[in-house]
Amino acid sequence: MKQPDPSEKQEPKPPSGGRGISWFYFFLLGTILWFSIFSNPVTNTREISWTFFQDSLLADQQVEKIVVVNKELAEIYVKKSGTAGSGQAKNTKGLFQLSGGPNYVMTIGSVETFEDKLQRAQTDFSSEDRIDVHYEKRISYINILSWLLPLAIIIFFWIYMIRRMGGGGTGGNPLFNFGKSTPKISEKGTKSSATFNDVAGLKEAKTEVMEVVDFLKNPETYTKLGAKIPKGVMLVGPPGTGKTLMAKAVAGEAGVPFFSISGSEFVEMFVGVGASRVRDLFKRAKDKAPSIIFIDEIDAVGRSRGKVNAFQANDERESTLNQLLTELDGFGPNTGVIVLAATNRPDVLDKALLRPGRFDRHIYLELPTQEERKEIFGVHLRPLKLSKKLDVDLLAKLSPGFSGADIANICNEAALIAARKKKKEVAQSDFMEARDRIIGGIERKSKIISPKEKEIVAHHEAGHAVVSWYLKNVDALVKVSIIPRGKSLGAAWYLPEERQIVTKAQFLDQICAALGGRAAEEIIFDEISSGALDDLEKVTKQAYTMVAYYGLDKEIGPISYYDSTGQNERMFGKPYSEKMAEMIDKEVQELVITAYERTKNLLTEHKEQLEKLAQLLLEKEVVEIEDLERILGKREIEELVENTE
């Protein structure tokens with residue numbers, strides 16, 4: 001057998017379906033042309049009146065016969081040997097002309113009147129010269145086509161559009177498939193781009209999920225002991241912590257059919273479609289068991305059924321949730337179908353959805369710790385060309401509170417910055433610049449600031465720095481800048497300490513540090529500005545949190561009005577009386593005023609250092625930790641992080 005030569009160029013095949021579409025257009029064009037030509041054929045026939053018929057045709061005896069059609073129209077045929085009247089058409093034949101037809105046509109009012117007038121006009125004629133009148137009944141196909149053809153064109157166009165809408169691969173008529181689910185299916189043996197090696201950190205979460213994967217691969221290990229694998233696994237955590245990535249890793253590791261769908265795809269404008277799609281999804285999963293169903297953002301369909309929906313006659317979301325609850329609870333033991341779901345709002349989910357027997361296992365994905373951030377950096381640094389002096393430990397230490405998505409964004413932004421500077425490798429300084437850009441926004445050096453405003457901003461930021469430097473419970477200060485970033489005109493950069501709990505003393509020191517900028521303005525200029533708006537907002541919220549939530553005020557006592565269930569958000573009033581509200585407002589005011597006076601006293605004591613730092617900021621715009629130590633002295637409270645370039 002002759003093998004095909006790879007060097008020979010193969011003609012590209014036309015896309016399937018194009019020929020059928022072109023024939024449809026040709027057929028439609030031909031039908032329109034045929035209808036336009038034959039509905040108004042070009043003939044020699046001329047429409048005349050009774051006067052012309054009587055004076056020109058009957059008087060000259062040129063009429064051979066008359067045919068009355070459907071008692072409405074008289075067709076007049078002229079003798080071939082005779083000469084036509086002054087208005088007769090020529091016996092010429094052109095394109096699309098019909099031969100053998102009548103020479104003239106005339107509309108008659110009624111048959112009786114026409115016969116009476118014709119008889120009176122032929123009174124002087126002999127019996128041989130009298131004209132024969134024939135009567136015919138004809139069916140006008142042109143009139144039938146005039147209303148049938150537009151209807152046919154509409155039907156053909158409708159079928160064509162239906163086929164175009166159904167060409168997305170779902171198959172069948174989409175009018176009958178709107179109740180079908182449209183999940184992304186990963187069949188058995190299909191390799192996924194994500195594996196458990198790509199999921200850095202989250203050791204406990206991976207252990208629990210890998211147990212589910214192991215059950216699907218080796219169910220006998222569990223069933224022989226009488227154990228039952230959880231029917232549902234709920235992944236809960238803040239945005240960016242890796243819930244969807246975990247599901248992708250499960251799809252790559254399990255080796256079983258994986259159905260992925262978003263919760264919003266169940267909800268449609270048609271009543272009952274969501275429930276129908278839930279039934280179809282679980283039916284397809286059972287047919288291919290063992291399999292996994294992953295529902296992303298399940299809070300779109302699994303919201304709590306409460307009094308909010310009581311005024312609605314039929315809530316589509318509620319009926320979809322009811323069907324989902326039925327399918328989850330209707331599984332037989334060990335059917336091999338496991339449901340994974342992800343959400344970052346577990347507080348709004350219905351309690352019936354979270355009970356054992358439906359979602360038995362809840363896996364909480366929290367923000368990564370320092371060691372976990374180091375592992376995540378290791379994953380996202382693989383494709384980058386890095387400098388040999390890069391300190392990954394420092395990157396992990398300088399990114400507290402960052403999620404996996406934030407770390408991925410830092411790595412990508414650092415690579416973009418290095419490429420913009422025409423570097424051959426990504427250095428430590430690029431990561432620091434990327435971190436500052438993500439947290440504070442892009443530098444706006446082109447923003448015009450007057451010298452007076454710049455001086456106020458320098459003393460404002462110096463006030464934050466001095467107060468935080470001398471208070472032991474404030475996070476370590478890394479650098480101070482008066483370069484505008486985003487909406488801010490300056491910023492003080494800290495290294496937050498990872499704490500699980502916060503004491504009252506720590507709260508108070510943080511409030512004092514936030515008020516340092518406003519206090520510095522009052523001490524130096526004896527005037528205050530609007531630049532402390534963001535600081536005052538944070539201070540007020542933090543003070544109310546201390547008093548009303550954490551019970552850290554002596555007058556209010558150990559009472560908390562915090563609602564972890566979110567039910568109070570639907571209430572129009574507050575969960576406490578007006579008298580208690582007055583007490584809370586009074587205590588918050590006293591707390592903030594006391595902290596402000598303490599801040600002013602501290603800055604007055606170190607006014608000389610405040611002035612030096614402000615002047616250095618006006619000169620350099622950015623002050624690093626070495627300059628801070630030179631002006632303010634060595635901070636012995638805790639070890640500061642060296643800013644490695």
# chains A, B, ... in the order shown; residues from 1 in each chain; ligands from 1
$ select_by_dssp --residues "stretch 498-603 of chain A" --states "alpha helix (DSSP H)" --output "NGL selection string"
:A and (504-514 or 516-525 or 533-544 or 578-603)
$ residues_around --residues "A:Met546" --least-positions-apart "6" --cutoff "12 Å" --atoms "only C-alpha atoms" --output "PDB file with all heavy atoms, in the first residue's frame"
ATOM      1  N   VAL A 502      -6.317  39.281  69.148  1.00  0.00           N
ATOM      2  CA  VAL A 502      -5.814  40.635  69.354  1.00  0.00           C
ATOM      3  C   VAL A 502      -6.256  41.097  70.734  1.00  0.00           C
ATOM      4  O   VAL A 502      -7.448  41.019  71.082  1.00  0.00           O
ATOM      5  CB  VAL A 502      -6.347  41.599  68.274  1.00  0.00           C
ATOM      6  CG1 VAL A 502      -5.745  42.993  68.471  1.00  0.00           C
ATOM      7  CG2 VAL A 502      -6.024  41.084  66.884  1.00  0.00           C
ATOM      8  N   THR A 503      -5.312  41.580  71.531  1.00  0.00           N
ATOM      9  CA  THR A 503      -5.626  42.060  72.879  1.00  0.00           C
ATOM     10  C   THR A 503      -6.106  43.508  72.833  1.00  0.00           C
ATOM     11  O   THR A 503      -5.983  44.200  71.813  1.00  0.00           O
ATOM     12  CB  THR A 503      -4.402  41.947  73.784  1.00  0.00           C
ATOM     13  OG1 THR A 503      -3.368  42.820  73.285  1.00  0.00           O
ATOM     14  CG2 THR A 503      -3.883  40.521  73.820  1.00  0.00           C
ATOM     15  N   LYS A 504      -6.628  43.969  73.972  1.00  0.00           N
ATOM     16  CA  LYS A 504      -7.117  45.347  74.061  1.00  0.00           C
ATOM     17  C   LYS A 504      -5.971  46.340  73.902  1.00  0.00           C
ATOM     18  O   LYS A 504      -6.124  47.382  73.237  1.00  0.00           O
ATOM     19  CB  LYS A 504      -7.819  45.559  75.405  1.00  0.00           C
ATOM     20  CG  LYS A 504      -8.424  46.942  75.559  1.00  0.00           C
ATOM     21  CD  LYS A 504      -9.161  47.080  76.888  1.00  0.00           C
ATOM     22  CE  LYS A 504      -9.755  48.480  77.034  1.00  0.00           C
ATOM     23  NZ  LYS A 504     -10.489  48.634  78.314  1.00  0.00           N
ATOM     24  N   ALA A 505      -4.808  46.034  74.480  1.00  0.00           N
ATOM     25  CA  ALA A 505      -3.658  46.928  74.353  1.00  0.00           C
ATOM     26  C   ALA A 505      -3.216  47.046  72.896  1.00  0.00           C
ATOM     27  O   ALA A 505      -2.827  48.135  72.431  1.00  0.00           O
ATOM     28  CB  ALA A 505      -2.511  46.420  75.223  1.00  0.00           C
ATOM     29  N   GLN A 506      -3.259  45.951  72.164  1.00  0.00           N
ATOM     30  CA  GLN A 506      -2.889  45.989  70.746  1.00  0.00           C
ATOM     31  C   GLN A 506      -3.881  46.825  69.944  1.00  0.00           C
ATOM     32  O   GLN A 506      -3.502  47.588  69.048  1.00  0.00           O
ATOM     33  CB  GLN A 506      -2.798  44.570  70.202  1.00  0.00           C
ATOM     34  CG  GLN A 506      -1.624  43.775  70.769  1.00  0.00           C
ATOM     35  CD  GLN A 506      -1.685  42.307  70.393  1.00  0.00           C
ATOM     36  OE1 GLN A 506      -2.726  41.801  69.965  1.00  0.00           O
ATOM     37  NE2 GLN A 506      -0.568  41.608  70.568  1.00  0.00           N
ATOM     38  N   PHE A 507      -5.175  46.677  70.251  1.00  0.00           N
ATOM     39  CA  PHE A 507      -6.194  47.504  69.597  1.00  0.00           C
ATOM     40  C   PHE A 507      -5.910  48.990  69.821  1.00  0.00           C
ATOM     41  O   PHE A 507      -5.945  49.802  68.883  1.00  0.00           O
ATOM     42  CB  PHE A 507      -7.586  47.154  70.127  1.00  0.00           C
ATOM     43  CG  PHE A 507      -8.275  46.068  69.358  1.00  0.00           C
ATOM     44  CD1 PHE A 507      -8.693  44.913  69.989  1.00  0.00           C
ATOM     45  CD2 PHE A 507      -8.536  46.204  68.003  1.00  0.00           C
ATOM     46  CE1 PHE A 507      -9.340  43.909  69.293  1.00  0.00           C
ATOM     47  CE2 PHE A 507      -9.184  45.204  67.293  1.00  0.00           C
ATOM     48  CZ  PHE A 507      -9.583  44.053  67.943  1.00  0.00           C
ATOM     49  N   LEU A 508      -5.637  49.360  71.070  1.00  0.00           N
ATOM     50  CA  LEU A 508      -5.429  50.770  71.406  1.00  0.00           C
ATOM     51  C   LEU A 508      -4.184  51.331  70.723  1.00  0.00           C
ATOM     52  O   LEU A 508      -4.192  52.475  70.246  1.00  0.00           O
ATOM     53  CB  LEU A 508      -5.326  50.934  72.924  1.00  0.00           C
ATOM     54  CG  LEU A 508      -6.607  50.629  73.721  1.00  0.00           C
ATOM     55  CD1 LEU A 508      -6.344  50.719  75.219  1.00  0.00           C
ATOM     56  CD2 LEU A 508      -7.720  51.593  73.318  1.00  0.00           C
ATOM     57  N   ILE A 511      -4.946  52.017  67.088  1.00  0.00           N
ATOM     58  CA  ILE A 511      -5.745  53.232  66.929  1.00  0.00           C
ATOM     59  C   ILE A 511      -4.855  54.469  67.039  1.00  0.00           C
ATOM     60  O   ILE A 511      -4.982  55.425  66.253  1.00  0.00           O
ATOM     61  CB  ILE A 511      -6.877  53.264  67.971  1.00  0.00           C
ATOM     62  CG1 ILE A 511      -7.922  52.181  67.651  1.00  0.00           C
ATOM     63  CG2 ILE A 511      -7.541  54.630  68.017  1.00  0.00           C
ATOM     64  CD1 ILE A 511      -9.040  52.079  68.669  1.00  0.00           C
ATOM     65  N   VAL A 539     -10.361  54.010  62.236  1.00  0.00           N
ATOM     66  CA  VAL A 539     -10.362  54.141  63.694  1.00  0.00           C
ATOM     67  C   VAL A 539     -11.771  54.000  64.243  1.00  0.00           C
ATOM     68  O   VAL A 539     -12.010  53.298  65.249  1.00  0.00           O
ATOM     69  CB  VAL A 539      -9.745  55.494  64.100  1.00  0.00           C
ATOM     70  CG1 VAL A 539     -10.051  55.809  65.549  1.00  0.00           C
ATOM     71  CG2 VAL A 539      -8.235  55.470  63.885  1.00  0.00           C
ATOM     72  N   THR A 540     -12.742  54.650  63.615  1.00  0.00           N
ATOM     73  CA  THR A 540     -14.125  54.592  64.099  1.00  0.00           C
ATOM     74  C   THR A 540     -14.670  53.176  64.029  1.00  0.00           C
ATOM     75  O   THR A 540     -15.308  52.687  64.972  1.00  0.00           O
ATOM     76  CB  THR A 540     -15.005  55.540  63.263  1.00  0.00           C
ATOM     77  OG1 THR A 540     -14.442  56.857  63.291  1.00  0.00           O
ATOM     78  CG2 THR A 540     -16.413  55.588  63.821  1.00  0.00           C
ATOM     79  N   LEU A 552     -14.815  44.753  74.937  1.00  0.00           N
ATOM     80  CA  LEU A 552     -13.569  45.205  75.566  1.00  0.00           C
ATOM     81  C   LEU A 552     -13.735  46.512  76.335  1.00  0.00           C
ATOM     82  O   LEU A 552     -12.739  47.090  76.773  1.00  0.00           O
ATOM     83  CB  LEU A 552     -12.478  45.380  74.488  1.00  0.00           C
ATOM     84  CG  LEU A 552     -12.091  44.109  73.724  1.00  0.00           C
ATOM     85  CD1 LEU A 552     -11.025  44.424  72.680  1.00  0.00           C
ATOM     86  CD2 LEU A 552     -11.597  43.030  74.674  1.00  0.00           C
ATOM     87  N   ASP A 553     -14.972  46.992  76.477  1.00  0.00           N
ATOM     88  CA  ASP A 553     -15.206  48.228  77.212  1.00  0.00           C
ATOM     89  C   ASP A 553     -15.737  47.916  78.606  1.00  0.00           C
ATOM     90  O   ASP A 553     -16.599  47.041  78.774  1.00  0.00           O
ATOM     91  CB  ASP A 553     -16.204  49.104  76.449  1.00  0.00           C
ATOM     92  CG  ASP A 553     -16.380  50.461  77.084  1.00  0.00           C
ATOM     93  OD1 ASP A 553     -15.480  51.306  76.946  1.00  0.00           O
ATOM     94  OD2 ASP A 553     -17.424  50.662  77.741  1.00  0.00           O
ATOM     95  N   LYS A 554     -15.240  48.637  79.609  1.00  0.00           N
ATOM     96  CA  LYS A 554     -15.650  48.366  80.992  1.00  0.00           C
ATOM     97  C   LYS A 554     -17.094  48.775  81.261  1.00  0.00           C
ATOM     98  O   LYS A 554     -17.817  48.092  81.976  1.00  0.00           O
ATOM     99  CB  LYS A 554     -14.716  49.095  81.965  1.00  0.00           C
ATOM    100  CG  LYS A 554     -13.295  48.566  81.973  1.00  0.00           C
ATOM    101  CD  LYS A 554     -12.451  49.306  83.011  1.00  0.00           C
ATOM    102  CE  LYS A 554     -11.033  48.763  83.045  1.00  0.00           C
ATOM    103  NZ  LYS A 554     -10.189  49.470  84.042  1.00  0.00           N
ATOM    104  N   ILE A 556     -19.715  49.102  79.070  1.00  0.00           N
ATOM    105  CA  ILE A 556     -20.682  48.232  78.365  1.00  0.00           C
ATOM    106  C   ILE A 556     -20.612  46.820  78.923  1.00  0.00           C
ATOM    107  O   ILE A 556     -21.630  46.127  79.054  1.00  0.00           O
ATOM    108  CB  ILE A 556     -20.414  48.234  76.848  1.00  0.00           C
ATOM    109  CG1 ILE A 556     -20.504  49.667  76.304  1.00  0.00           C
ATOM    110  CG2 ILE A 556     -21.394  47.335  76.115  1.00  0.00           C
ATOM    111  CD1 ILE A 556     -21.857  50.305  76.468  1.00  0.00           C
ATOM    112  N   GLY A 557     -19.418  46.372  79.254  1.00  0.00           N
ATOM    113  CA  GLY A 557     -19.268  45.032  79.815  1.00  0.00           C
ATOM    114  C   GLY A 557     -19.058  43.966  78.757  1.00  0.00           C
ATOM    115  O   GLY A 557     -18.996  44.245  77.558  1.00  0.00           O
ATOM    116  N   PRO A 558     -18.953  42.723  79.204  1.00  0.00           N
ATOM    117  CA  PRO A 558     -18.705  41.604  78.275  1.00  0.00           C
ATOM    118  C   PRO A 558     -19.970  41.220  77.496  1.00  0.00           C
ATOM    119  O   PRO A 558     -20.534  40.126  77.665  1.00  0.00           O
ATOM    120  CB  PRO A 558     -18.244  40.479  79.205  1.00  0.00           C
ATOM    121  CG  PRO A 558     -18.937  40.780  80.496  1.00  0.00           C
ATOM    122  CD  PRO A 558     -19.003  42.275  80.608  1.00  0.00           C
ATOM    123  N   ILE A 559     -20.427  42.117  76.643  1.00  0.00           N
ATOM    124  CA  ILE A 559     -21.625  41.896  75.821  1.00  0.00           C
ATOM    125  C   ILE A 559     -21.231  42.066  74.359  1.00  0.00           C
ATOM    126  O   ILE A 559     -20.518  43.010  74.005  1.00  0.00           O
ATOM    127  CB  ILE A 559     -22.754  42.886  76.194  1.00  0.00           C
ATOM    128  CG1 ILE A 559     -23.164  42.703  77.650  1.00  0.00           C
ATOM    129  CG2 ILE A 559     -23.959  42.712  75.280  1.00  0.00           C
ATOM    130  CD1 ILE A 559     -24.202  43.707  78.121  1.00  0.00           C
ATOM    131  N   SER A 560     -21.710  41.143  73.511  1.00  0.00           N
ATOM    132  CA  SER A 560     -21.411  41.214  72.081  1.00  0.00           C
ATOM    133  C   SER A 560     -22.717  41.224  71.288  1.00  0.00           C
ATOM    134  O   SER A 560     -23.608  40.396  71.507  1.00  0.00           O
ATOM    135  CB  SER A 560     -20.554  40.014  71.646  1.00  0.00           C
ATOM    136  OG  SER A 560     -20.363  40.027  70.249  1.00  0.00           O
ATOM    137  N   TYR A 561     -22.799  42.164  70.353  1.00  0.00           N
ATOM    138  CA  TYR A 561     -23.955  42.245  69.457  1.00  0.00           C
ATOM    139  C   TYR A 561     -23.590  41.783  68.049  1.00  0.00           C
ATOM    140  O   TYR A 561     -24.265  42.128  67.092  1.00  0.00           O
ATOM    141  CB  TYR A 561     -24.476  43.683  69.414  1.00  0.00           C
ATOM    142  CG  TYR A 561     -25.020  44.146  70.744  1.00  0.00           C
ATOM    143  CD1 TYR A 561     -24.265  44.980  71.576  1.00  0.00           C
ATOM    144  CD2 TYR A 561     -26.274  43.744  71.177  1.00  0.00           C
ATOM    145  CE1 TYR A 561     -24.754  45.405  72.798  1.00  0.00           C
ATOM    146  CE2 TYR A 561     -26.769  44.165  72.409  1.00  0.00           C
ATOM    147  CZ  TYR A 561     -26.009  44.990  73.207  1.00  0.00           C
ATOM    148  OH  TYR A 561     -26.508  45.408  74.414  1.00  0.00           O
ATOM    149  N   TYR A 562     -22.538  41.002  67.960  1.00  0.00           N
ATOM    150  CA  TYR A 562     -22.129  40.470  66.653  1.00  0.00           C
ATOM    151  C   TYR A 562     -23.031  39.297  66.275  1.00  0.00           C
ATOM    152  O   TYR A 562     -23.358  38.448  67.108  1.00  0.00           O
ATOM    153  CB  TYR A 562     -20.665  40.011  66.703  1.00  0.00           C
ATOM    154  CG  TYR A 562     -20.174  39.413  65.410  1.00  0.00           C
ATOM    155  CD1 TYR A 562     -19.955  40.208  64.297  1.00  0.00           C
ATOM    156  CD2 TYR A 562     -19.926  38.045  65.304  1.00  0.00           C
ATOM    157  CE1 TYR A 562     -19.496  39.671  63.108  1.00  0.00           C
ATOM    158  CE2 TYR A 562     -19.468  37.495  64.124  1.00  0.00           C
ATOM    159  CZ  TYR A 562     -19.261  38.309  63.029  1.00  0.00           C
ATOM    160  OH  TYR A 562     -18.823  37.768  61.857  1.00  0.00           O
ATOM    161  N   ILE A 584     -23.089  53.088  73.771  1.00  0.00           N
ATOM    162  CA  ILE A 584     -22.032  52.635  72.852  1.00  0.00           C
ATOM    163  C   ILE A 584     -21.387  53.827  72.161  1.00  0.00           C
ATOM    164  O   ILE A 584     -20.154  53.918  72.057  1.00  0.00           O
ATOM    165  CB  ILE A 584     -22.614  51.638  71.826  1.00  0.00           C
ATOM    166  CG1 ILE A 584     -23.025  50.337  72.518  1.00  0.00           C
ATOM    167  CG2 ILE A 584     -21.607  51.346  70.722  1.00  0.00           C
ATOM    168  CD1 ILE A 584     -23.709  49.336  71.607  1.00  0.00           C
ATOM    169  N   ASP A 585     -22.215  54.764  71.673  1.00  0.00           N
ATOM    170  CA  ASP A 585     -21.665  55.953  71.010  1.00  0.00           C
ATOM    171  C   ASP A 585     -20.775  56.752  71.963  1.00  0.00           C
ATOM    172  O   ASP A 585     -19.706  57.248  71.568  1.00  0.00           O
ATOM    173  CB  ASP A 585     -22.804  56.836  70.497  1.00  0.00           C
ATOM    174  CG  ASP A 585     -23.582  56.172  69.373  1.00  0.00           C
ATOM    175  OD1 ASP A 585     -23.038  55.237  68.762  1.00  0.00           O
ATOM    176  OD2 ASP A 585     -24.727  56.578  69.113  1.00  0.00           O
ATOM    177  N   GLU A 587     -19.096  55.655  74.672  1.00  0.00           N
ATOM    178  CA  GLU A 587     -17.856  54.944  74.969  1.00  0.00           C
ATOM    179  C   GLU A 587     -16.896  54.970  73.790  1.00  0.00           C
ATOM    180  O   GLU A 587     -15.676  55.087  73.962  1.00  0.00           O
ATOM    181  CB  GLU A 587     -18.172  53.499  75.374  1.00  0.00           C
ATOM    182  CG  GLU A 587     -18.916  53.371  76.684  1.00  0.00           C
ATOM    183  CD  GLU A 587     -18.146  53.988  77.837  1.00  0.00           C
ATOM    184  OE1 GLU A 587     -16.915  53.783  77.904  1.00  0.00           O
ATOM    185  OE2 GLU A 587     -18.767  54.689  78.667  1.00  0.00           O
ATOM    186  N   VAL A 588     -17.429  54.856  72.571  1.00  0.00           N
ATOM    187  CA  VAL A 588     -16.581  54.917  71.382  1.00  0.00           C
ATOM    188  C   VAL A 588     -15.930  56.292  71.270  1.00  0.00           C
ATOM    189  O   VAL A 588     -14.728  56.422  70.977  1.00  0.00           O
ATOM    190  CB  VAL A 588     -17.400  54.589  70.116  1.00  0.00           C
ATOM    191  CG1 VAL A 588     -16.622  54.934  68.852  1.00  0.00           C
ATOM    192  CG2 VAL A 588     -17.785  53.120  70.098  1.00  0.00           C
ATOM    193  N   LEU A 591     -13.209  56.619  73.870  1.00  0.00           N
ATOM    194  CA  LEU A 591     -12.058  55.774  73.540  1.00  0.00           C
ATOM    195  C   LEU A 591     -11.187  56.448  72.487  1.00  0.00           C
ATOM    196  O   LEU A 591      -9.951  56.503  72.613  1.00  0.00           O
ATOM    197  CB  LEU A 591     -12.564  54.413  73.043  1.00  0.00           C
ATOM    198  CG  LEU A 591     -11.552  53.286  72.845  1.00  0.00           C
ATOM    199  CD1 LEU A 591     -12.230  51.937  73.056  1.00  0.00           C
ATOM    200  CD2 LEU A 591     -10.933  53.316  71.461  1.00  0.00           C
ATOM    201  N   VAL A 592     -11.808  56.994  71.434  1.00  0.00           N
ATOM    202  CA  VAL A 592     -11.044  57.615  70.351  1.00  0.00           C
ATOM    203  C   VAL A 592     -10.373  58.905  70.832  1.00  0.00           C
ATOM    204  O   VAL A 592      -9.204  59.171  70.513  1.00  0.00           O
ATOM    205  CB  VAL A 592     -11.960  57.881  69.141  1.00  0.00           C
ATOM    206  CG1 VAL A 592     -11.201  58.642  68.047  1.00  0.00           C
ATOM    207  CG2 VAL A 592     -12.501  56.568  68.580  1.00  0.00           C
TER     208      VAL A 592
END
$ residues_around --residues "A:Asn70" --least-positions-apart "3" --cutoff "9 Å" --atoms "only C-alpha atoms" --output "list in words"
Leu73, Tyr135, Glu136, Lys137 and Arg138 of chain A
$ residues_around --residues "A:Gly531" --least-positions-apart "6" --cutoff "10 Å" --atoms "only C-alpha atoms" --output "count of residues only"
10
$ closest_residue --among "A:Glu316, A:Glu461, A:Asp475, A:Glu590" --to "A:Ala614" --atoms "only C-alpha atoms"
A:Glu461
$ select_by_dssp --residues "stretch 222-305 of chain A" --states "strand (DSSP E)" --output "NGL selection string"
:A and (232-236 or 258-262 or 291-296)
$ write_last_selection --atoms "C-alpha atoms" --output "compact mmCIF listing (two decimals), in the first residue's frame"
# COMPACT_ATOMS: atom_id res chain seq x y z
CA GLY A 232 -21.03 15.58 49.40
CA VAL A 233 -17.93 17.65 50.12
CA MET A 234 -18.29 21.39 50.64
CA LEU A 235 -15.22 23.56 49.99
CA VAL A 236 -15.51 26.79 52.00
CA PHE A 258 -15.97 14.74 36.11
CA PHE A 259 -19.01 17.01 35.63
CA SER A 260 -18.29 20.70 36.26
CA ILE A 261 -21.06 23.31 36.31
CA SER A 262 -21.72 26.70 37.89
CA SER A 291 -18.19 9.96 38.80
CA ILE A 292 -17.81 13.38 40.42
CA ILE A 293 -20.09 16.41 40.17
CA PHE A 294 -18.56 19.81 40.92
CA ILE A 295 -20.92 22.77 41.49
CA ASP A 296 -19.02 26.04 41.67
$ residues_around --residues "A:Thr45" --least-positions-apart "4" --cutoff "7 Å" --atoms "only C-alpha atoms" --output "PyMOL selection string"
chain A and resi 102-105
$ write_last_selection --atoms "C-alpha atoms" --output "CSV table (one decimal), in the first residue's frame"
chain,number,residue,atom,x,y,z
A,102,PRO,CA,-56.1,36.8,-25.1
A,103,ASN,CA,-55.5,40.1,-26.8
A,104,TYR,CA,-57.6,42.1,-24.5
A,105,VAL,CA,-59.2,41.8,-21.1
$ atom_distance --atom1 "atom CA of A:Lys424" --atom2 "atom CA of A:Val392"
18.9 Å
$ residues_around --residues "A:Asn412" --least-positions-apart "5" --cutoff "10 Å" --atoms "only C-alpha atoms" --output "number ranges by chain"
A: 380-381, 384, 406-407, 417, 431, 434
$ write_last_selection --atoms "all heavy atoms" --output "short mmCIF file (atom, residue, chain, number, x, y, z; two decimals), in the first residue's frame"
data_model
loop_
_atom_site.label_atom_id
_atom_site.label_comp_id
_atom_site.auth_asym_id
_atom_site.auth_seq_id
_atom_site.Cartn_x
_atom_site.Cartn_y
_atom_site.Cartn_z
N HIS A 380 4.37 29.20 41.74
CA HIS A 380 4.19 30.25 40.74
C HIS A 380 5.51 30.81 40.23
O HIS A 380 5.52 31.55 39.24
CB HIS A 380 3.34 31.38 41.32
CG HIS A 380 1.94 30.97 41.65
ND1 HIS A 380 1.02 30.63 40.68
CD2 HIS A 380 1.30 30.81 42.83
CE1 HIS A 380 -0.13 30.30 41.24
NE2 HIS A 380 0.02 30.40 42.56
N LEU A 381 6.63 30.49 40.90
CA LEU A 381 7.93 30.96 40.43
C LEU A 381 8.57 30.00 39.43
O LEU A 381 9.60 30.33 38.84
CB LEU A 381 8.89 31.15 41.62
CG LEU A 381 8.57 32.30 42.57
CD1 LEU A 381 9.54 32.30 43.74
CD2 LEU A 381 8.60 33.64 41.86
N LEU A 384 9.19 31.33 35.78
CA LEU A 384 9.88 32.62 35.68
C LEU A 384 11.40 32.43 35.66
O LEU A 384 11.93 31.51 36.28
CB LEU A 384 9.49 33.53 36.85
CG LEU A 384 8.00 33.82 37.05
CD1 LEU A 384 7.81 34.78 38.22
CD2 LEU A 384 7.38 34.38 35.79
N ASP A 406 -3.58 36.11 45.09
CA ASP A 406 -2.77 37.33 45.25
C ASP A 406 -1.30 37.05 44.98
O ASP A 406 -0.61 37.86 44.34
CB ASP A 406 -2.93 37.89 46.67
CG ASP A 406 -4.34 38.36 46.95
OD1 ASP A 406 -5.01 38.80 45.99
OD2 ASP A 406 -4.79 38.27 48.11
N ILE A 407 -0.81 35.91 45.45
CA ILE A 407 0.60 35.56 45.22
C ILE A 407 0.86 35.33 43.74
O ILE A 407 1.89 35.75 43.19
CB ILE A 407 0.97 34.32 46.07
CG1 ILE A 407 0.91 34.68 47.56
CG2 ILE A 407 2.35 33.81 45.70
CD1 ILE A 407 1.14 33.51 48.48
N ILE A 417 6.97 43.81 35.23
CA ILE A 417 7.82 44.95 35.56
C ILE A 417 9.25 44.73 35.06
O ILE A 417 9.87 45.63 34.49
CB ILE A 417 7.79 45.20 37.08
CG1 ILE A 417 6.40 45.68 37.51
CG2 ILE A 417 8.85 46.22 37.49
CD1 ILE A 417 6.23 45.78 39.01
N PHE A 431 9.84 42.20 42.64
CA PHE A 431 8.78 41.66 43.48
C PHE A 431 8.32 42.69 44.51
O PHE A 431 7.13 42.78 44.83
CB PHE A 431 9.26 40.39 44.18
CG PHE A 431 9.29 39.19 43.28
CD1 PHE A 431 10.45 38.82 42.62
CD2 PHE A 431 8.14 38.42 43.08
CE1 PHE A 431 10.48 37.72 41.79
CE2 PHE A 431 8.17 37.32 42.26
CZ PHE A 431 9.34 36.97 41.60
N ALA A 434 6.21 45.14 42.70
CA ALA A 434 4.92 44.53 42.38
C ALA A 434 4.02 44.46 43.61
O ALA A 434 2.81 44.71 43.53
CB ALA A 434 5.13 43.12 41.81
#
$ atom_distance --atom1 "atom CA of A:Lys243" --atom2 "atom CA of A:Ala396"
20.9 Å
$ residues_around --residues "A:Val622" --least-positions-apart "6" --cutoff "10 Å" --atoms "only C-alpha atoms" --output "list in words"
Lys479, Val480, Ser481, Ile482, Ile483, Gly490, Ala491, Ala492 and Leu616 of chain A
$ closest_residue --among "A:Glu522, A:Gly516, A:Asn344, A:Lys612" --to "A:Leu536" --atoms "only C-alpha atoms"
A:Gly516
$ atom_distance --atom1 "atom CA of A:Ser403" --atom2 "atom CA of A:Pro238"
8.4 Å
